[in-house]
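Content type CSV, C-alpha atoms, from the file work11.csv:
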```csv
chain,number,residue,atom,x,y,z
A,1,MET,CA,-42.9,-39.9,-14.0
A,2,PRO,CA,-44.2,-36.5,-13.0
A,3,LEU,CA,-44.4,-33.9,-15.8
A,4,ASP,CA,-41.8,-31.5,-14.3
A,5,LEU,CA,-39.3,-34.4,-13.9
A,6,PHE,CA,-40.0,-35.5,-17.5
A,7,PHE,CA,-39.2,-32.0,-18.8
A,8,ALA,CA,-36.0,-31.9,-16.7
A,9,LEU,CA,-35.1,-35.2,-18.3
A,10,VAL,CA,-35.7,-33.9,-21.8
A,11,GLY,CA,-33.6,-30.8,-21.1
A,12,LEU,CA,-30.8,-32.8,-19.7
A,13,ALA,CA,-31.0,-35.2,-22.7
A,14,ILE,CA,-30.8,-32.3,-25.1
A,15,ALA,CA,-27.8,-30.8,-23.3
A,16,ALA,CA,-26.0,-34.2,-23.2
A,17,ALA,CA,-26.7,-35.2,-26.8
A,18,TRP,CA,-26.1,-31.9,-28.6
A,19,THR,CA,-22.9,-30.7,-26.9
A,20,PRO,CA,-19.6,-31.7,-28.4
A,21,GLY,CA,-18.4,-35.1,-27.4
A,22,PRO,CA,-16.9,-38.3,-28.9
A,23,ASN,CA,-20.1,-39.4,-30.6
A,24,ASN,CA,-20.8,-36.0,-32.2
A,25,ALA,CA,-17.2,-35.6,-33.4
A,26,LEU,CA,-17.1,-39.1,-34.9
A,27,VAL,CA,-20.4,-38.7,-36.7
A,28,ALA,CA,-19.4,-35.2,-38.0
A,29,ALA,CA,-16.1,-36.7,-39.3
A,30,SER,CA,-18.1,-39.6,-40.9
A,31,GLY,CA,-20.5,-37.2,-42.5
A,32,ALA,CA,-17.6,-35.2,-43.9
A,33,THR,CA,-15.7,-38.2,-45.1
A,34,PHE,CA,-18.5,-40.6,-46.3
A,35,GLY,CA,-21.6,-38.4,-46.8
A,36,MET,CA,-25.0,-38.7,-45.1
A,37,ARG,CA,-26.2,-42.0,-46.7
A,38,ARG,CA,-23.1,-44.0,-45.7
A,39,THR,CA,-23.1,-42.4,-42.2
A,40,LEU,CA,-26.8,-43.4,-41.6
A,41,PRO,CA,-25.8,-46.8,-39.8
A,42,HIS,CA,-23.5,-44.8,-37.5
A,43,ILE,CA,-26.3,-42.4,-36.7
A,44,LEU,CA,-28.7,-45.2,-36.0
A,45,GLY,CA,-26.1,-47.1,-33.9
A,46,ILE,CA,-25.8,-44.0,-31.6
A,47,ALA,CA,-29.5,-43.4,-31.5
A,48,VAL,CA,-30.2,-47.0,-30.4
A,49,GLY,CA,-27.0,-48.0,-28.7
A,50,PHE,CA,-26.8,-45.3,-26.1
A,51,PRO,CA,-30.5,-45.6,-25.0
A,52,VAL,CA,-30.1,-49.4,-24.7
A,53,MET,CA,-27.1,-48.8,-22.5
A,54,VAL,CA,-29.1,-46.3,-20.4
A,55,PHE,CA,-31.9,-48.8,-20.0
A,56,ILE,CA,-29.5,-51.6,-19.0
A,57,VAL,CA,-27.6,-49.4,-16.6
A,58,GLY,CA,-30.9,-48.0,-15.1
A,59,PHE,CA,-32.6,-51.3,-14.8
A,60,PHE,CA,-29.7,-53.6,-13.8
A,61,LEU,CA,-26.4,-51.9,-13.1
A,62,ALA,CA,-27.0,-48.5,-11.6
A,63,GLU,CA,-26.5,-49.6,-8.0
A,64,VAL,CA,-23.3,-51.6,-8.9
A,65,PHE,CA,-21.7,-48.6,-10.6
A,66,GLN,CA,-22.8,-46.1,-7.9
A,67,GLU,CA,-21.2,-48.3,-5.2
A,68,SER,CA,-18.0,-49.2,-7.0
A,69,GLU,CA,-15.5,-46.4,-7.5
A,70,LEU,CA,-12.9,-48.9,-8.8
A,71,LEU,CA,-15.3,-50.1,-11.5
A,72,ARG,CA,-16.2,-46.5,-12.6
A,73,GLN,CA,-12.5,-45.6,-12.8
A,74,ALA,CA,-11.7,-48.7,-14.8
A,75,VAL,CA,-14.4,-47.9,-17.3
A,76,ARG,CA,-13.2,-44.3,-17.5
A,77,LEU,CA,-9.6,-45.3,-18.1
A,78,LEU,CA,-10.4,-48.0,-20.7
A,79,GLY,CA,-12.8,-45.6,-22.5
A,80,ALA,CA,-10.2,-42.8,-22.5
A,81,ALA,CA,-7.6,-45.1,-24.0
A,82,LEU,CA,-9.9,-46.3,-26.7
A,83,LEU,CA,-11.1,-42.7,-27.5
A,84,LEU,CA,-7.5,-41.6,-27.9
A,85,TRP,CA,-6.9,-44.5,-30.3
A,86,ILE,CA,-10.1,-43.6,-32.2
A,87,ALA,CA,-9.0,-39.9,-32.3
A,88,TRP,CA,-5.7,-41.0,-33.9
A,89,LYS,CA,-7.6,-43.1,-36.5
A,90,VAL,CA,-9.9,-40.1,-37.3
A,91,ALA,CA,-6.9,-37.8,-37.6
A,92,GLN,CA,-5.5,-40.1,-40.3
A,93,GLY,CA,-8.7,-40.0,-42.3
A,94,GLY,CA,-8.2,-38.3,-45.7
A,95,SER,CA,-4.4,-38.1,-45.4
A,96,GLY,CA,-3.6,-41.2,-47.3
A,97,LYS,CA,-2.1,-42.8,-44.2
A,98,GLU,CA,-5.0,-45.1,-43.4
A,99,SER,CA,-4.3,-48.8,-43.2
A,100,GLY,CA,-6.8,-50.4,-45.5
A,101,PRO,CA,-9.7,-48.8,-47.3
A,102,PRO,CA,-11.6,-46.2,-45.2
A,103,ARG,CA,-15.1,-47.1,-44.1
A,104,PRO,CA,-17.7,-45.6,-41.8
A,105,PHE,CA,-18.8,-47.2,-38.5
A,106,THR,CA,-21.4,-49.9,-38.9
A,107,PHE,CA,-24.6,-49.9,-36.8
A,108,VAL,CA,-23.2,-52.5,-34.5
A,109,GLU,CA,-19.8,-50.8,-34.1
A,110,ALA,CA,-21.5,-47.4,-33.3
A,111,ALA,CA,-23.9,-49.1,-30.8
A,112,ALA,CA,-21.0,-51.0,-29.2
A,113,PHE,CA,-18.9,-47.8,-29.0
A,114,GLN,CA,-21.4,-46.5,-26.4
A,115,TRP,CA,-20.0,-49.0,-23.9
A,116,ILE,CA,-16.5,-47.6,-24.0
A,117,ASN,CA,-17.5,-43.9,-24.3
A,118,PRO,CA,-16.6,-42.2,-21.0
A,119,LYS,CA,-19.0,-39.3,-21.6
A,120,GLY,CA,-21.7,-41.9,-22.3
A,121,TRP,CA,-21.0,-43.8,-19.1
A,122,SER,CA,-21.0,-40.6,-17.1
A,123,MET,CA,-24.3,-39.6,-18.5
A,124,ALA,CA,-25.9,-43.0,-18.2
A,125,ILE,CA,-24.9,-43.3,-14.5
A,126,ALA,CA,-26.0,-39.7,-13.7
A,127,VAL,CA,-29.2,-39.9,-15.6
A,128,THR,CA,-30.3,-43.2,-14.2
A,129,ALA,CA,-29.4,-42.1,-10.7
A,130,GLN,CA,-31.7,-39.0,-11.1
A,131,PHE,CA,-34.6,-40.3,-13.2
A,132,VAL,CA,-35.0,-44.0,-12.7
A,133,ASP,CA,-37.5,-44.7,-9.9
A,134,GLY,CA,-36.5,-47.7,-7.8
A,135,SER,CA,-40.1,-48.6,-7.3
A,136,HIS,CA,-40.7,-48.8,-11.1
A,137,PRO,CA,-37.2,-49.3,-12.6
A,138,ALA,CA,-38.3,-50.9,-15.8
A,139,ARG,CA,-40.9,-48.3,-16.7
A,140,THR,CA,-38.8,-45.3,-15.8
A,141,ALA,CA,-35.7,-46.7,-17.4
A,142,MET,CA,-37.7,-47.2,-20.6
A,143,ILE,CA,-39.0,-43.6,-20.5
A,144,VAL,CA,-35.4,-42.3,-20.1
A,145,ALA,CA,-34.2,-44.6,-22.9
A,146,LEU,CA,-37.0,-43.5,-25.3
A,147,VAL,CA,-36.2,-39.8,-24.6
A,148,PHE,CA,-32.6,-40.5,-25.6
A,149,VAL,CA,-33.6,-42.3,-28.8
A,150,LEU,CA,-35.4,-39.2,-30.1
A,151,VAL,CA,-32.9,-36.7,-28.9
A,152,GLY,CA,-29.9,-38.8,-30.0
A,153,LEU,CA,-31.4,-39.3,-33.5
A,154,GLY,CA,-31.8,-35.6,-33.9
A,155,SER,CA,-28.4,-34.7,-32.5
A,156,ALA,CA,-26.4,-37.4,-34.5
A,157,SER,CA,-28.2,-36.5,-37.7
A,158,THR,CA,-27.5,-32.8,-37.3
A,159,TRP,CA,-23.8,-33.3,-36.5
A,160,ALA,CA,-23.4,-35.7,-39.5
A,161,PHE,CA,-25.1,-33.1,-41.7
A,162,ALA,CA,-22.9,-30.4,-40.3
A,163,GLY,CA,-19.8,-32.4,-41.2
A,164,HIS,CA,-21.2,-33.2,-44.6
A,165,SER,CA,-22.1,-29.6,-45.3
A,166,LEU,CA,-18.7,-28.3,-44.0
A,167,ILE,CA,-16.8,-30.4,-46.4
A,168,ARG,CA,-19.0,-29.4,-49.3
A,169,GLN,CA,-18.2,-25.7,-48.5
A,170,LEU,CA,-14.5,-26.2,-47.9
A,171,GLY,CA,-13.9,-28.8,-50.6
A,172,PRO,CA,-12.7,-32.4,-50.4
A,173,GLU,CA,-9.0,-31.4,-50.4
A,174,ARG,CA,-9.5,-30.0,-46.9
A,175,LEU,CA,-11.0,-33.2,-45.5
A,176,VAL,CA,-7.8,-34.0,-43.7
A,177,TRP,CA,-8.1,-30.8,-41.7
A,178,VAL,CA,-11.7,-31.4,-40.9
A,179,ASN,CA,-10.8,-34.9,-39.7
A,180,ARG,CA,-7.9,-33.5,-37.6
A,181,ALA,CA,-10.2,-31.0,-36.0
A,182,MET,CA,-12.8,-33.7,-35.1
A,183,ALA,CA,-9.9,-35.9,-33.7
A,184,ALA,CA,-8.7,-32.9,-31.6
A,185,MET,CA,-12.3,-32.5,-30.3
A,186,ILE,CA,-12.4,-36.2,-29.3
A,187,ALA,CA,-9.0,-35.9,-27.6
A,188,ALA,CA,-10.2,-32.7,-25.8
A,189,CYS,CA,-13.2,-34.6,-24.5
A,190,VAL,CA,-10.9,-37.1,-22.9
A,191,VAL,CA,-8.9,-34.4,-21.2
A,192,VAL,CA,-12.1,-32.6,-20.0
A,193,LEU,CA,-13.4,-35.9,-18.5
A,194,PHE,CA,-10.3,-36.1,-16.4
A,195,ILE,CA,-10.0,-32.6,-15.0
```
What would the structure in this file look like if it were written as structure tokens?
Amino acid sequence: MPLDLFFALVGLAIAAAWTPGPNNALVAASGATFGMRRTLPHILGIAVGFPVMVFIVGFFLAEVFQESELLRQAVRLLGAALLLWIAWKVAQGGSGKESGPPRPFTFVEAAAFQWINPKGWSMAIAVTAQFVDGSHPARTAMIVALVFVLVGLGSASTWAFAGHSLIRQLGPERLVWVNRAMAAMIAACVVVLFI
């Protein structure tokens, strides 16, 4: 991969990973609710899960998704519905209305979440279309994935720490409002994806 293309990839990865989205809202809410140590599996699930998805899309599925509008729309609709359900669950956090004891995402749940995240799918398809070289798909898909591991780890950690720090400043009695704000951000992301 030429150096100028690599720097463009890094810039795009930073913009994609650090801007508000479902992953960042979820990990911030988790940091606020459960603290950094218990949120670590969620952080690692994002940092590994999305790059694995990018690699698989880039190496195996990019052409299928680029050619099938129906498949892209089905993934978007399913992802939007699941995100709205997750936003509802996050909004309930700290309010005493949760069903069962609250717990953070596990590594596997966070990694699997990438497959229903519409922002993730949009980025995976766009990034692989631009940066995966058809003559060297495995190598270039691996480079793209590794960039997203590093950028995603930094982003998810920072958002989790921001949530954790925010609740320490505001106090635990305001946790319900922090969770509702993060739920509103998730729901807003769904709306933005469809306008």
Item to complete: Find the residue from A:Val191, A:Leu150, A:Ile56, A:Leu170 that sits nearest to Leu44 in chain A; use all atoms listed in the file when measuring.
Response: A:Leu150
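Distances here use all atoms listed in the file; by that measure, the residue among A:Pro104, A:Gly152, A:Gly21, A:Gly11 closest to Gly35 in chain A is A:Pro104.
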Can you list, as a CSV table (one decimal) with C-alpha atoms, keeping the file's coordinate frame, every protein, DNA or RNA residue that comes within 7 Å of Phe107 in chain A when you count all atoms listed in the file, leaving out same-chain residues fewer than 3 positions away?
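Final file, out_19.csv:
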```
chain,number,residue,atom,x,y,z
A,41,PRO,CA,-25.8,-46.8,-39.8
A,42,HIS,CA,-23.5,-44.8,-37.5
A,44,LEU,CA,-28.7,-45.2,-36.0
A,45,GLY,CA,-26.1,-47.1,-33.9
A,110,ALA,CA,-21.5,-47.4,-33.3
A,111,ALA,CA,-23.9,-49.1,-30.8
```
Discussion item. Report, in Å with one decimal, the straight-line distance from CA of Gly154 in chain A to CA of Leu77 in chain A.
Written reply: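 Rounded to one decimal, the two atoms are 28.9 Å apart.
With distances restricted to all atoms listed in the file, A:Met182 is the closest residue to Thr33 in chain A from A:Met182, A:Val132, A:Leu84, A:Ala16.
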Worksheet item: Do you have the CA of His136 in chain A-CA of Phe60 in chain A distance handy?
Response: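 Straight-line distance from CA of His136 in chain A to CA of Phe60 in chain A works out to 12.3 Å.
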Discussion item. I'd like the contact shell of Trp88 in chain A - 9 Å cut-off, only C-alpha atoms, skipping same-chain residues fewer than 3 positions apart - returned as a list in words.
Written reply: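 Near neighbours after the sequence-gap exclusion: Leu83, Leu84, Trp85, Ala91, Gln92, Gly93, Arg180, Ala183, Ala184 and Ala187 of chain A.
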Practice prompt. Would you kindly return, as a list in words, each protein, DNA or RNA residue with an atom no farther than 12 Å from any atom of Ala8 in chain A, considering only C-alpha atoms and excluding same-chain residues fewer than 3 positions away?
Written response: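 These residues fall inside the cut-off: Met1, Pro2, Leu3, Asp4, Leu5, Gly11, Leu12, Ala13, Ile14, Ala15, Val127, Gln130, Phe131, Val144 and Val147 of chain A.
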Fill in: Residue among A:Ala138, A:Ala181, A:Val54, A:Ala156 lying closest to Asn23 in chain A, counting only C-alpha atoms
A:Ala156
Worksheet item: Interatomic distance between CA of Phe148 in chain A and CA of Leu40 in chain A?
Response: 17.3 Å
Worksheet entry | Among the residues A:Trp18, A:Phe34, A:Phe6, A:Phe50, the one that comes closest to Met123 in chain A [using only C-alpha atoms] | A:Phe50
